[in-house]
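Enquirer: So that we are looking at the same thing, I have put the structure below in structure tokens.
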Amino acid sequence: MLFLLGFVVIMSLYHFWEEYHRNEMLKIGNETFGVIVSIDPPPVHGSPSAKIAYTIKHKKYVFDEDGSFSFMELGDTVLIRYALKDYSVAKVVDKYYMKKYKYLREE
């Protein structure tokens, strides 16, 4: 039982450190446009997500972003921020970026 508790604590600390490191990398970054390539329904115990593709220096990157993208369609554009140290680290900054979704910003 003590081993299991220790494992959970170590995994939680690792997740916290990984998220902190990712956010620090994104502080020194640029913004660009990403395109939704797939929208995944929520799993039984989780949140829905979307795969976002973007291109930096002629190389394509894809990442998963949690959150509700059910109102969007494949091929829609979102504004993302990517890290300059590692272009594969990115997050969605504004999913209501497209003109047709600006009215949803009031939610």
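By convention here, the chains of the structure tokens are called A, B, ... in the order presented, each chain's residues are numbered starting at 1, and ligands are numbered starting at 1 in the order presented.
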Give me, as number ranges by chain, all polymer residues having an atom no more than 8 Å from Glu31 of chain A, counting only C-alpha atoms and skipping those fewer than 5 positions away in the same chain.
Expert: A: 79-82
Enquirer: Emit the selected residues as an mmCIF file, in the first residue's frame, including N, CA, C and O atoms.
Expert:
```cif
data_model
loop_
_atom_site.group_PDB
_atom_site.id
_atom_site.type_symbol
_atom_site.label_atom_id
_atom_site.label_comp_id
_atom_site.auth_asym_id
_atom_site.auth_seq_id
_atom_site.Cartn_x
_atom_site.Cartn_y
_atom_site.Cartn_z
ATOM 1 N N LEU A 79 -5.737 29.697 -33.353
ATOM 2 C CA LEU A 79 -4.476 30.393 -33.101
ATOM 3 C C LEU A 79 -3.711 29.606 -32.045
ATOM 4 O O LEU A 79 -4.262 29.277 -30.992
ATOM 5 N N ILE A 80 -2.457 29.275 -32.335
ATOM 6 C CA ILE A 80 -1.651 28.498 -31.386
ATOM 7 C C ILE A 80 -0.373 29.256 -31.047
ATOM 8 O O ILE A 80 0.019 30.187 -31.738
ATOM 9 N N ARG A 81 0.248 28.842 -29.963
ATOM 10 C CA ARG A 81 1.556 29.351 -29.560
ATOM 11 C C ARG A 81 2.493 28.150 -29.483
ATOM 12 O O ARG A 81 2.160 27.128 -28.907
ATOM 13 N N TYR A 82 3.673 28.292 -30.092
ATOM 14 C CA TYR A 82 4.657 27.207 -30.055
ATOM 15 C C TYR A 82 5.954 27.730 -29.451
ATOM 16 O O TYR A 82 6.253 28.919 -29.514
#
```
Enquirer: List every residue of chain A that DSSP, applied to the backbone of this structure, assigns to helix (DSSP H, G or I), and report them as a ChimeraX atom specification.
Expert: /A:2-27,99-106
Enquirer: Quick one: distance from atom CA of Tyr14 of chain A to atom CA of Pro43 of chain A in Å, one decimal?
Expert: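 Distance reported for this atom pair: 23.6 Å.
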Enquirer: Taking the DSSP secondary structure from the backbone, can you list the residues of chain A that are strand (DSSP E or B), as a ChimeraX atom specification?
Expert: /A:29-40,49-56,59-66,77-83,90-94
Enquirer: Nearest to Lys95 of chain A among A:Met11, A:Leu26, A:Leu2, A:Ala50, with distances taken over only C-alpha atoms: which residue is it?
Expert: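 Between A:Met11, A:Leu26, A:Leu2, A:Ala50, the residue approaching Lys95 of chain A most closely is A:Ala50.
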Enquirer: Please provide the set of residues having any atom within 7 Å of Val78 of chain A, restricted to only C-alpha atoms, with same-chain residues fewer than 4 positions apart removed, written as a PyMOL selection string.
Expert: chain A and resi 33-35+92+94-98
Enquirer: Could you write those residues out with C-alpha atoms, as a PDB file, in the first residue's frame?
Expert:
```
ATOM      1  CA  PHE A  33      -2.211  29.197 -37.112  1.00  0.00           C
ATOM      2  CA  GLY A  34      -3.105  25.568 -36.609  1.00  0.00           C
ATOM      3  CA  VAL A  35      -5.664  23.488 -38.468  1.00  0.00           C
ATOM      4  CA  VAL A  92      -4.112  26.582 -28.453  1.00  0.00           C
ATOM      5  CA  ASP A  94      -7.601  31.132 -29.209  1.00  0.00           C
ATOM      6  CA  LYS A  95      -9.978  28.519 -30.570  1.00  0.00           C
ATOM      7  CA  TYR A  96     -12.525  31.243 -31.397  1.00  0.00           C
ATOM      8  CA  TYR A  97     -10.048  32.936 -33.732  1.00  0.00           C
ATOM      9  CA  MET A  98     -12.069  32.316 -36.882  1.00  0.00           C
TER      10      MET A  98
END
```
